[in-house]
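Structure below is target-v3.csv: CSV, C-alpha atoms.
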chain,number,residue,atom,x,y,z
Y,249,MET,CA,38.2,9.3,-12.7
Y,250,SER,CA,36.2,6.8,-10.5
Y,251,ASP,CA,36.0,9.0,-7.4
Y,252,ASN,CA,32.8,10.9,-7.1
Y,253,LEU,CA,33.7,14.6,-6.7
Y,254,VAL,CA,31.8,17.1,-4.5
Y,255,LEU,CA,32.3,20.8,-4.3
Y,256,VAL,CA,32.2,21.6,-0.5
Y,257,LEU,CA,31.3,25.1,0.6
Y,258,ASN,CA,31.6,26.4,4.1
Y,259,CYS,CA,30.4,30.0,4.3
Y,260,GLY,CA,31.3,32.2,7.3
Y,261,SER,CA,30.1,35.7,8.0
Y,262,SER,CA,32.9,37.2,5.9
Y,263,SER,CA,34.6,34.3,4.4
Y,264,LEU,CA,34.1,31.1,2.3
Y,265,LYS,CA,36.1,27.9,2.6
Y,266,PHE,CA,35.8,25.6,-0.4
Y,267,ALA,CA,37.2,22.3,-1.6
Y,268,VAL,CA,36.7,19.8,-4.4
Y,269,ILE,CA,37.0,16.5,-2.7
Y,270,GLY,CA,36.6,12.8,-3.6
Y,271,ALA,CA,33.8,11.2,-1.6
Y,272,GLU,CA,35.4,7.7,-1.7
Y,273,SER,CA,39.1,8.6,-1.3
Y,274,GLY,CA,38.9,11.9,0.6
Y,275,GLU,CA,41.5,13.3,-1.8
Y,276,GLU,CA,41.4,17.1,-2.1
Y,277,HIS,CA,41.8,18.2,-5.7
Y,278,ILE,CA,41.2,21.8,-4.9
Y,279,SER,CA,41.0,23.6,-1.6
Y,280,GLY,CA,40.9,27.3,-0.7
Y,281,LEU,CA,39.6,30.2,1.2
Y,282,ALA,CA,38.0,33.5,0.1
Y,283,GLU,CA,38.1,36.0,3.0
Y,284,CYS,CA,37.8,39.6,4.2
Y,285,PHE,CA,34.5,40.2,2.2
Y,286,GLY,CA,33.6,43.8,2.0
Y,287,LEU,CA,37.1,45.1,2.7
Y,288,GLU,CA,39.8,46.5,0.4
Y,289,ASP,CA,42.1,43.5,1.0
Y,290,SER,CA,39.4,40.9,0.1
Y,291,ARG,CA,41.2,37.9,-1.5
Y,292,ILE,CA,41.1,34.3,-2.4
Y,293,LYS,CA,43.8,31.7,-1.9
Y,294,TRP,CA,43.7,28.1,-3.2
Y,295,LYS,CA,45.8,25.0,-3.8
Y,296,ALA,CA,45.4,22.9,-7.0
Y,297,GLN,CA,47.6,20.4,-8.7
Y,298,GLY,CA,50.2,20.9,-6.1
Y,299,GLY,CA,50.5,24.6,-6.7
Y,300,LYS,CA,49.4,27.6,-4.5
Y,301,ASN,CA,47.5,30.5,-6.0
Y,302,GLU,CA,46.2,33.8,-4.8
Y,303,ALA,CA,44.1,36.7,-6.2
Y,304,LYS,CA,42.5,39.9,-5.1
Y,305,LEU,CA,38.8,40.0,-5.2
Y,306,GLY,CA,37.9,43.7,-4.6
Y,307,ALA,CA,36.2,45.6,-1.9
Y,308,PHE,CA,32.6,44.8,-3.1
Y,309,THR,CA,33.1,41.1,-3.0
Y,310,ALA,CA,30.7,38.9,-1.0
Y,311,HIS,CA,29.7,35.2,-1.1
Y,312,ARG,CA,28.0,35.3,-4.5
Y,313,GLU,CA,31.0,36.9,-6.2
Y,314,ALA,CA,33.4,34.5,-4.5
Y,315,VAL,CA,31.4,31.5,-5.7
Y,316,GLU,CA,31.3,33.0,-9.2
Y,317,TYR,CA,35.1,33.4,-9.1
Y,318,ILE,CA,35.5,29.7,-8.1
Y,319,VAL,CA,33.3,28.6,-11.0
Y,320,LYS,CA,34.4,31.0,-13.7
Y,321,THR,CA,38.1,31.2,-12.9
Y,322,ILE,CA,39.3,28.3,-10.8
Y,323,LEU,CA,37.0,25.5,-12.0
Y,324,ALA,CA,37.0,26.8,-15.6
Y,325,GLY,CA,40.7,26.4,-15.6
Y,326,GLN,CA,40.3,22.6,-15.0
Y,327,PRO,CA,37.3,21.6,-17.1
Y,328,GLU,CA,37.9,17.9,-16.9
Y,329,LEU,CA,37.9,18.1,-13.1
Y,330,ALA,CA,34.8,20.4,-13.0
Y,331,ALA,CA,32.9,17.9,-15.2
Y,332,GLN,CA,33.3,15.2,-12.6
Y,333,ILE,CA,31.6,17.2,-9.8
Y,334,LYS,CA,28.4,15.4,-8.8
Y,335,ALA,CA,27.0,17.7,-6.1
Y,336,VAL,CA,27.6,20.8,-4.0
Y,337,GLY,CA,27.8,20.1,-0.2
Y,338,HIS,CA,27.1,22.9,2.3
Y,339,ARG,CA,28.2,23.0,5.9
Y,340,ILE,CA,25.4,24.4,8.0
Y,341,VAL,CA,26.1,25.3,11.6
Y,342,HIS,CA,22.5,25.1,13.1
Y,343,GLY,CA,19.7,22.8,12.1
Y,344,GLY,CA,17.8,22.9,15.4
Y,345,GLU,CA,15.7,19.8,16.0
Y,346,LYS,CA,14.3,19.7,12.5
Y,347,PHE,CA,17.4,18.3,10.9
Y,348,THR,CA,18.7,15.1,12.4
Y,349,ARG,CA,20.7,14.1,9.3
Y,350,SER,CA,22.0,15.6,6.1
Y,351,VAL,CA,19.4,16.4,3.4
Y,352,ILE,CA,19.1,17.4,-0.2
Y,353,ILE,CA,18.3,21.1,-0.3
Y,354,THR,CA,14.7,22.0,-1.3
Y,355,PRO,CA,12.7,25.2,-0.7
Y,356,ASP,CA,11.4,23.6,2.6
Y,357,VAL,CA,15.0,23.0,3.7
Y,358,ILE,CA,16.0,26.6,3.0
Y,359,GLN,CA,13.0,27.7,5.1
Y,360,GLY,CA,14.1,25.4,7.9
Y,361,ILE,CA,17.6,26.9,7.8
Y,362,GLU,CA,16.2,30.4,7.9
Y,363,ASP,CA,14.0,29.4,10.9
Y,364,CYS,CA,17.1,28.4,12.8
Y,365,ALA,CA,19.0,31.6,11.9
Y,366,SER,CA,18.3,33.2,15.3
Y,367,LEU,CA,20.2,30.3,16.9
Y,368,ALA,CA,23.3,31.0,14.8
Y,369,PRO,CA,23.0,34.6,13.6
Y,370,LEU,CA,26.6,34.9,12.4
Y,371,HIS,CA,26.5,31.6,10.5
Y,372,ASN,CA,23.1,30.5,9.1
Y,373,PRO,CA,22.4,33.7,7.1
Y,374,ALA,CA,25.8,33.4,5.5
Y,375,HIS,CA,25.1,29.7,4.7
Y,376,LEU,CA,21.9,30.7,3.0
Y,377,ILE,CA,23.7,33.3,0.8
Y,378,GLY,CA,26.2,30.6,-0.1
Y,379,ILE,CA,23.4,28.1,-1.0
Y,380,ARG,CA,21.6,30.6,-3.2
Y,381,ALA,CA,24.9,31.6,-4.9
Y,382,ALA,CA,25.8,27.9,-5.6
Y,383,MET,CA,22.3,27.2,-6.9
Y,384,ALA,CA,22.7,30.1,-9.3
Y,385,SER,CA,26.1,28.9,-10.5
Y,386,PHE,CA,25.3,25.2,-10.5
Y,387,PRO,CA,21.6,25.0,-11.5
Y,388,SER,CA,21.9,21.4,-12.7
Y,389,LEU,CA,23.7,20.0,-9.6
Y,390,PRO,CA,22.0,18.7,-6.5
Y,391,GLN,CA,22.8,20.8,-3.4
Y,392,VAL,CA,23.2,19.0,0.0
Y,393,ALA,CA,23.1,20.5,3.5
Y,394,VAL,CA,25.2,18.9,6.2
Y,395,PHE,CA,24.4,20.1,9.8
Y,396,ASP,CA,26.9,20.6,12.6
Y,397,THR,CA,24.0,20.0,15.1
Y,398,ALA,CA,22.7,16.7,13.5
Y,399,PHE,CA,25.3,14.4,15.2
Y,400,HIS,CA,24.2,15.6,18.6
Y,401,GLN,CA,20.6,14.8,18.1
Y,402,THR,CA,21.2,11.4,19.8
Y,403,MET,CA,21.8,13.1,23.2
Y,404,PRO,CA,19.3,11.9,25.9
Y,405,GLU,CA,16.9,14.5,27.2
Y,406,LYS,CA,18.7,14.7,30.6
Y,407,ALA,CA,21.8,15.9,28.7
Y,408,TYR,CA,20.1,18.6,26.4
Y,409,VAL,CA,17.3,20.1,28.6
Y,410,TYR,CA,18.3,23.1,30.6
Y,411,ALA,CA,17.0,23.6,34.2
Y,412,LEU,CA,14.6,26.3,33.0
Y,413,PRO,CA,10.8,26.2,32.8
Y,414,TYR,CA,10.2,23.2,30.5
Y,415,LYS,CA,7.7,25.2,28.4
Y,416,LEU,CA,10.7,27.3,27.1
Y,417,TYR,CA,11.9,24.1,25.5
Y,418,ARG,CA,8.5,22.8,24.5
Y,419,GLU,CA,7.3,26.1,23.0
Y,420,HIS,CA,10.6,27.7,21.8
Y,421,GLY,CA,13.1,25.0,21.4
Y,422,ILE,CA,15.5,26.4,24.0
Y,423,ARG,CA,17.9,23.4,24.7
Y,424,ARG,CA,21.5,22.3,24.2
Y,425,TYR,CA,22.1,21.5,20.5
Y,426,GLY,CA,25.9,21.4,20.3
Y,427,MET,CA,28.2,22.2,17.3
Y,428,HIS,CA,31.2,20.7,15.5
Y,429,GLY,CA,29.1,17.5,15.0
Y,430,THR,CA,30.7,16.7,11.6
Y,431,SER,CA,34.1,16.9,13.1
Y,432,HIS,CA,33.2,14.8,16.2
Y,433,LEU,CA,31.6,12.2,13.9
Y,434,TYR,CA,34.7,11.9,11.7
Y,435,VAL,CA,37.3,11.8,14.5
Y,436,SER,CA,35.4,9.3,16.6
Y,437,ARG,CA,35.0,7.0,13.5
Y,438,GLU,CA,38.8,7.2,12.8
Y,439,ALA,CA,39.6,6.6,16.5
Y,440,ALA,CA,37.6,3.3,16.4
Y,441,LYS,CA,39.9,2.2,13.5
Y,442,VAL,CA,43.0,3.0,15.5
Y,443,LEU,CA,41.6,1.2,18.6
Y,444,ASN,CA,40.7,-1.7,16.3
Y,445,LYS,CA,37.1,-1.7,17.7
Y,446,PRO,CA,33.8,-1.5,16.0
Y,447,ILE,CA,32.3,2.0,16.2
Y,448,SER,CA,29.3,0.6,18.0
Y,449,ASP,CA,31.6,-0.5,20.8
Y,450,THR,CA,33.8,2.6,21.0
Y,451,ASN,CA,33.5,5.1,23.9
Y,452,VAL,CA,35.7,8.2,23.4
Y,453,ILE,CA,35.8,11.9,24.4
Y,454,VAL,CA,36.7,14.2,21.5
Y,455,ALA,CA,38.1,17.7,22.1
Y,456,HIS,CA,37.7,19.8,19.0
Y,457,LEU,CA,39.9,22.8,19.8
Y,458,GLY,CA,40.2,25.8,17.6
Y,459,ASN,CA,39.1,29.5,17.8
Y,460,GLY,CA,35.7,27.8,18.6
Y,461,ALA,CA,36.1,24.8,20.8
Y,462,SER,CA,33.9,21.9,22.1
Y,463,VAL,CA,34.2,18.6,23.8
Y,464,THR,CA,31.8,15.6,23.2
Y,465,ALA,CA,31.2,12.3,24.9
Y,466,ILE,CA,30.6,9.6,22.3
Y,467,ARG,CA,29.3,6.2,23.4
Y,468,GLY,CA,29.0,3.5,20.9
Y,469,GLY,CA,29.6,6.0,18.1
Y,470,LYS,CA,26.8,8.3,19.2
Y,471,SER,CA,26.9,11.7,20.9
Y,472,VAL,CA,25.6,11.5,24.5
Y,473,ASP,CA,26.7,14.9,25.7
Y,474,THR,CA,28.5,18.0,24.4
Y,475,SER,CA,29.8,21.3,25.8
Y,476,MET,CA,28.3,23.8,23.4
Y,477,GLY,CA,24.6,24.7,24.0
Y,478,LEU,CA,21.8,26.6,22.4
Y,479,THR,CA,24.5,28.5,20.6
Y,480,PRO,CA,28.3,28.1,20.2
Y,481,LEU,CA,28.9,30.4,23.3
Y,482,GLU,CA,28.5,27.8,26.0
Y,483,GLY,CA,31.2,25.4,27.3
Y,484,LEU,CA,35.0,25.7,26.9
Y,485,VAL,CA,37.1,28.8,26.9
Y,486,MET,CA,37.6,29.8,23.2
Y,487,GLY,CA,39.5,32.3,21.2
Y,488,THR,CA,37.2,35.2,21.9
Y,489,ARG,CA,34.2,33.5,23.5
Y,490,CYS,CA,33.9,33.2,27.3
Y,491,GLY,CA,32.2,29.8,27.5
Y,492,ASP,CA,30.5,28.9,30.8
Y,493,LEU,CA,29.8,31.8,33.2
Y,494,ASP,CA,27.4,32.8,35.9
Y,495,PRO,CA,24.3,34.2,34.0
Y,496,SER,CA,23.9,36.9,36.7
Y,497,ILE,CA,27.1,38.5,35.3
Y,498,ILE,CA,25.0,39.7,32.4
Y,499,PHE,CA,22.5,41.5,34.7
Y,500,HIS,CA,25.5,43.0,36.7
Y,501,LEU,CA,27.0,44.3,33.5
Y,502,VAL,CA,23.7,45.9,32.5
Y,503,ASP,CA,22.2,47.1,35.8
Y,504,GLN,CA,25.4,48.1,37.7
Y,505,LEU,CA,27.9,48.9,35.0
Y,506,GLY,CA,25.6,50.4,32.3
Y,507,TYR,CA,26.3,48.0,29.5
Y,508,THR,CA,23.7,47.7,26.7
Y,509,LEU,CA,22.6,44.1,25.8
Y,510,LYS,CA,24.3,44.6,22.5
Y,511,GLU,CA,27.6,45.5,24.3
Y,512,VAL,CA,27.2,42.5,26.5
Y,513,ASN,CA,26.8,40.2,23.5
Y,514,ASN,CA,29.9,41.7,22.0
Y,515,VAL,CA,31.9,41.2,25.2
Y,516,LEU,CA,30.9,37.6,25.6
Y,517,ASN,CA,31.4,36.6,22.0
Y,518,LYS,CA,34.2,38.8,20.7
Y,519,GLN,CA,36.2,40.2,23.6
Y,520,SER,CA,36.5,37.3,26.0
Y,521,GLY,CA,38.2,33.9,26.0
Y,522,LEU,CA,41.9,33.8,25.4
Y,523,LEU,CA,41.9,37.3,24.1
Y,524,GLY,CA,40.0,38.8,27.1
Y,525,ILE,CA,42.1,36.9,29.7
Y,526,SER,CA,45.5,37.5,28.1
Y,527,GLU,CA,44.8,41.1,26.9
Y,528,LEU,CA,47.2,40.0,24.2
Y,529,THR,CA,45.7,37.8,21.4
Y,530,ASN,CA,43.0,35.2,20.6
Y,531,ASP,CA,45.5,33.2,18.5
Y,532,CYS,CA,46.7,30.2,20.5
Y,533,ARG,CA,50.2,30.4,18.9
Y,534,GLY,CA,50.6,33.9,20.3
Y,535,ILE,CA,49.3,32.7,23.7
Y,536,GLU,CA,51.9,29.9,23.7
Y,537,GLU,CA,54.7,32.3,22.8
Y,538,GLY,CA,53.6,34.6,25.6
Y,539,TYR,CA,53.5,31.7,28.0
Y,540,GLN,CA,57.0,30.7,27.1
Y,541,ASP,CA,58.2,34.3,27.4
Y,542,GLY,CA,56.6,34.6,30.9
Y,543,HIS,CA,53.7,36.9,29.9
Y,544,LYS,CA,51.4,36.9,32.9
Y,545,GLY,CA,48.1,37.3,30.9
Y,546,ALA,CA,49.1,34.6,28.4
Y,547,THR,CA,50.1,32.2,31.1
Y,548,LEU,CA,46.8,32.7,32.9
Y,549,ALA,CA,44.8,32.3,29.7
Y,550,LEU,CA,46.6,29.0,28.9
Y,551,GLU,CA,46.1,27.7,32.4
Y,552,ILE,CA,42.4,28.5,32.4
Y,553,PHE,CA,41.9,27.0,28.9
Y,554,CYS,CA,43.5,23.7,30.0
Y,555,TYR,CA,41.8,23.6,33.4
Y,556,ARG,CA,38.3,24.1,32.0
Y,557,LEU,CA,39.0,21.5,29.3
Y,558,ALA,CA,40.3,18.9,31.7
Y,559,LYS,CA,37.2,19.4,34.0
Y,560,TYR,CA,34.9,18.8,31.1
Y,561,ILE,CA,36.8,15.7,30.0
Y,562,ALA,CA,36.6,14.3,33.5
Y,563,ALA,CA,32.9,15.1,33.8
Y,564,TYR,CA,32.2,13.3,30.4
Y,565,THR,CA,33.4,10.0,31.7
Y,566,VAL,CA,30.1,9.9,33.6
Y,567,PRO,CA,27.8,9.2,30.6
Y,568,LEU,CA,30.4,6.8,29.1
Y,569,GLY,CA,31.0,4.4,31.9
Y,570,ARG,CA,34.2,3.2,30.1
Y,571,LEU,CA,36.7,5.5,28.4
Y,572,ASP,CA,38.6,4.0,25.5
Y,573,ALA,CA,40.5,7.1,24.5
Y,574,ILE,CA,40.7,10.9,24.5
Y,575,ILE,CA,41.1,12.4,21.0
Y,576,PHE,CA,42.4,15.9,20.3
Y,577,THR,CA,41.5,17.6,17.0
Y,578,GLY,CA,41.0,21.0,15.4
Y,579,GLY,CA,43.7,23.6,14.9
Y,580,ILE,CA,44.8,23.8,18.5
Y,581,GLY,CA,44.2,20.2,19.3
Y,582,GLU,CA,46.2,19.0,16.3
Y,583,ASN,CA,49.2,21.3,16.8
Y,584,SER,CA,49.6,22.3,20.5
Y,585,ASP,CA,51.7,19.6,22.2
Y,586,ILE,CA,51.9,22.1,25.2
Y,587,ILE,CA,48.1,22.2,25.7
Y,588,ARG,CA,47.7,18.4,25.2
Y,589,ALA,CA,50.4,17.7,27.8
Y,590,LYS,CA,48.9,20.1,30.3
Y,591,VAL,CA,45.4,18.7,30.0
Y,592,LEU,CA,46.5,15.1,30.4
Y,593,ASP,CA,48.7,16.1,33.4
Y,594,LEU,CA,45.6,17.6,35.0
Y,595,LEU,CA,43.8,14.3,34.4
Y,596,ALA,CA,46.3,12.5,36.7
Y,597,ILE,CA,43.4,10.7,38.5
Y,598,PHE,CA,43.0,8.6,35.3
Y,599,ASN,CA,46.8,7.8,35.2
Y,600,PHE,CA,47.5,9.3,31.8
Y,601,THR,CA,51.2,9.4,31.0
Y,602,VAL,CA,52.3,11.6,28.1
Y,603,ASP,CA,55.1,10.3,25.8
Y,604,GLU,CA,56.9,13.5,25.0
Y,605,THR,CA,58.4,12.3,21.8
Y,606,LYS,CA,55.1,11.0,20.4
Y,607,ASN,CA,53.3,14.1,21.5
Y,608,LYS,CA,55.8,16.4,19.7
Y,609,ALA,CA,55.6,14.2,16.6
Y,610,ALA,CA,51.8,14.4,16.4
Y,611,ARG,CA,51.7,17.9,15.0
Y,612,PHE,CA,51.3,19.8,11.7
Y,613,GLY,CA,49.1,17.2,10.0
Y,614,HIS,CA,50.5,14.1,11.7
Y,615,ASP,CA,48.3,11.8,13.8
Y,616,GLY,CA,49.1,9.2,16.4
Y,617,ILE,CA,48.8,8.0,20.0
Y,618,ILE,CA,50.6,10.5,22.3
Y,619,THR,CA,50.6,8.5,25.6
Y,620,ALA,CA,53.0,5.8,26.9
Y,621,ASP,CA,52.3,2.1,26.2
Y,622,ASN,CA,51.3,1.5,29.8
Y,623,SER,CA,48.9,4.5,29.9
Y,624,PRO,CA,45.3,5.0,29.0
Y,625,VAL,CA,45.1,6.1,25.4
Y,626,ALA,CA,45.1,9.7,24.2
Y,627,MET,CA,45.6,10.5,20.5
Y,628,VAL,CA,45.7,13.2,17.8
Y,629,ILE,CA,43.5,12.8,14.7
Y,630,PRO,CA,43.3,15.7,12.2
Y,631,THR,CA,39.7,16.4,11.4
Y,632,ASN,CA,38.3,16.3,7.9
Y,633,GLU,CA,34.8,17.7,7.9
Y,634,GLU,CA,34.9,18.3,4.2
Y,635,TRP,CA,35.3,14.5,3.5
Y,636,VAL,CA,32.2,13.8,5.7
Y,637,ILE,CA,30.2,16.4,3.8
Y,638,ALA,CA,31.3,14.9,0.4
Y,639,GLU,CA,30.4,11.4,1.6
Y,640,ASP,CA,27.0,12.4,2.8
Y,641,ALA,CA,26.3,14.3,-0.4
Y,642,VAL,CA,27.1,11.3,-2.6
Y,643,LYS,CA,25.2,8.9,-0.4
Y,644,LEU,CA,22.1,11.1,-0.7
Y,645,ILE,CA,22.2,11.7,-4.4
Y,646,SER,CA,22.9,8.0,-5.0
Y,647,ALA,CA,19.8,7.0,-2.9
Y,648,LYS,CA,17.5,9.2,-5.0
Please re-express this file's structure in structure tokens.
Amino acid sequence: MSDNLVLVLNCGSSSLKFAVIGAESGEEHISGLAECFGLEDSRIKWKAQGGKNEAKLGAFTAHREAVEYIVKTILAGQPELAAQIKAVGHRIVHGGEKFTRSVIITPDVIQGIEDCASLAPLHNPAHLIGIRAAMASFPSLPQVAVFDTAFHQTMPEKAYVYALPYKLYREHGIRRYGMHGTSHLYVSREAAKVLNKPISDTNVIVAHLGNGASVTAIRGGKSVDTSMGLTPLEGLVMGTRCGDLDPSIIFHLVDQLGYTLKEVNNVLNKQSGLLGISELTNDCRGIEEGYQDGHKGATLALEIFCYRLAKYIAAYTVPLGRLDAIIFTGGIGENSDIIRAKVLDLLAIFNFTVDETKNKAARFGHDGIITADNSPVAMVIPTNEEWVIAEDAVKLISAK
């Protein structure tokens, strides 16, 4: 097997996505998800050799036990494949300003990830658990950290500094960092191929739309502005996150309505967005079903989601100067022809014309341009963050 294989781990607060992927080809040999850690229905699902598998993990399962299951059960069942794994790649949400590129994990890197934990309290601690579990299970393999924030470190100061006392940035690092960088990097690179342009001469706006959502302006292959901020809360309407809001709402909730700061944090991160507006669900598929059935809350949620996204896209033409394409990616971006059509209709000032047939065809893993031949270009590109992580891991260990 000529392809260098990498085990990619993406640890969430109560779940772990994993894949064994070829760094050169992008081929997924194994992919899966362990979820519901700490609950009775904790389970692991995976695909390998064309077959689907599932197993219960038990109520006391957490990241370490899940990694051990991957090693002792899934990989042990395919020893020839396991022997080809050259590294373990870890997706890390927040690297602050310290990490501007992917790195081989050392004790100093672990400390740096810990130092950034306050900026991503739901994610970085889980990543660290996953790193330590992988180091215990694969003591002889190099471990590589790939940061969501790294791609956005090319933003100019005027894009990432908040209009707060400057010392808050200088002394405490309070600034816009952005997320989903690995996805934005991959998708913009693939878009350049579709446009038949060098990435250094490609100006695109990428909308990564899922339960978490962000939009990024990419000029010459580099991030110049992005919607998420110090944390993943800023920017677009998301599944349960509010995105942009008047900060004084927080004081009103606390001072006038008696909320605690903990309750406010919970409202903004877990009770808002599509769920909060619709009072129905945070799942976009349920929102679309409600919209088609005439559900008032679902309709309003869908309209606000699309309106906010269209405004961001229009604003992000400012740092680009020239727009070569809009790219939709992520679970919603890749599958919702309804949302894509609504957003492009709202951008009528740019003369986008949606091709309904192409738009409906570009779903469920299919990519493609979704606008008419005489229209500015909008397209769908399924993201592949795991492939980027595998590529970076092999590049780093090969350069040692």
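Interatomic distance, CA of Gly260 in chain Y to CA of Gly280 in chain Y: 13.4 Å.
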Which residue gives the smallest distance to Thr529 in chain Y among Y:Gly487, Y:Pro480, Y:Pro624, Y:Pro373, with all atoms listed in the file counted?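 Distance minimum relative to Thr529 in chain Y lands on Y:Gly487.
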Neighbour list for Phe266 in chain Y as a ChimeraX atom specification, cut-off 9 Å, only C-alpha atoms, skip fewer than 6 positions in-chain: /Y:255-259,278-282,294,318,634
When distances are computed from all atoms listed in the file, which of Y:Val463, Y:Ala573, Y:Phe308, Y:Ala335 shows the smallest separation from Pro387 in chain Y?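 Closest residue, counting all atoms listed in the file: Y:Ala335.
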Residue nearest Gly429 in chain Y - candidates Y:Leu416, Y:Ala407, Y:Ala465, Y:Ala382, atoms counted: all atoms listed in the file: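 Under the stated criterion, the closest residue is Y:Ala465.
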Pairwise distance for CA of Leu509 in chain Y and CA of Asn372 in chain Y, rounded to one decimal in Å: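 Calculated distance between CA of Leu509 in chain Y and CA of Asn372 in chain Y is 21.5 Å.
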List the neighbours of range 440-446 of chain Y out to 9 Å using only C-alpha atoms; skip same-chain residues closer than 2 positions along the sequence, and give me the result as a CSV table (one decimal) with C-alpha atoms, keeping the file's coordinate frame.
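Dumped to around-v5.csv:
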chain,number,residue,atom,x,y,z
Y,435,VAL,CA,37.3,11.8,14.5
Y,436,SER,CA,35.4,9.3,16.6
Y,437,ARG,CA,35.0,7.0,13.5
Y,438,GLU,CA,38.8,7.2,12.8
Y,448,SER,CA,29.3,0.6,18.0
Y,449,ASP,CA,31.6,-0.5,20.8
Y,450,THR,CA,33.8,2.6,21.0
Y,451,ASN,CA,33.5,5.1,23.9
Y,452,VAL,CA,35.7,8.2,23.4
Y,468,GLY,CA,29.0,3.5,20.9
Y,469,GLY,CA,29.6,6.0,18.1
Y,572,ASP,CA,38.6,4.0,25.5
Y,573,ALA,CA,40.5,7.1,24.5
Y,616,GLY,CA,49.1,9.2,16.4
Y,617,ILE,CA,48.8,8.0,20.0
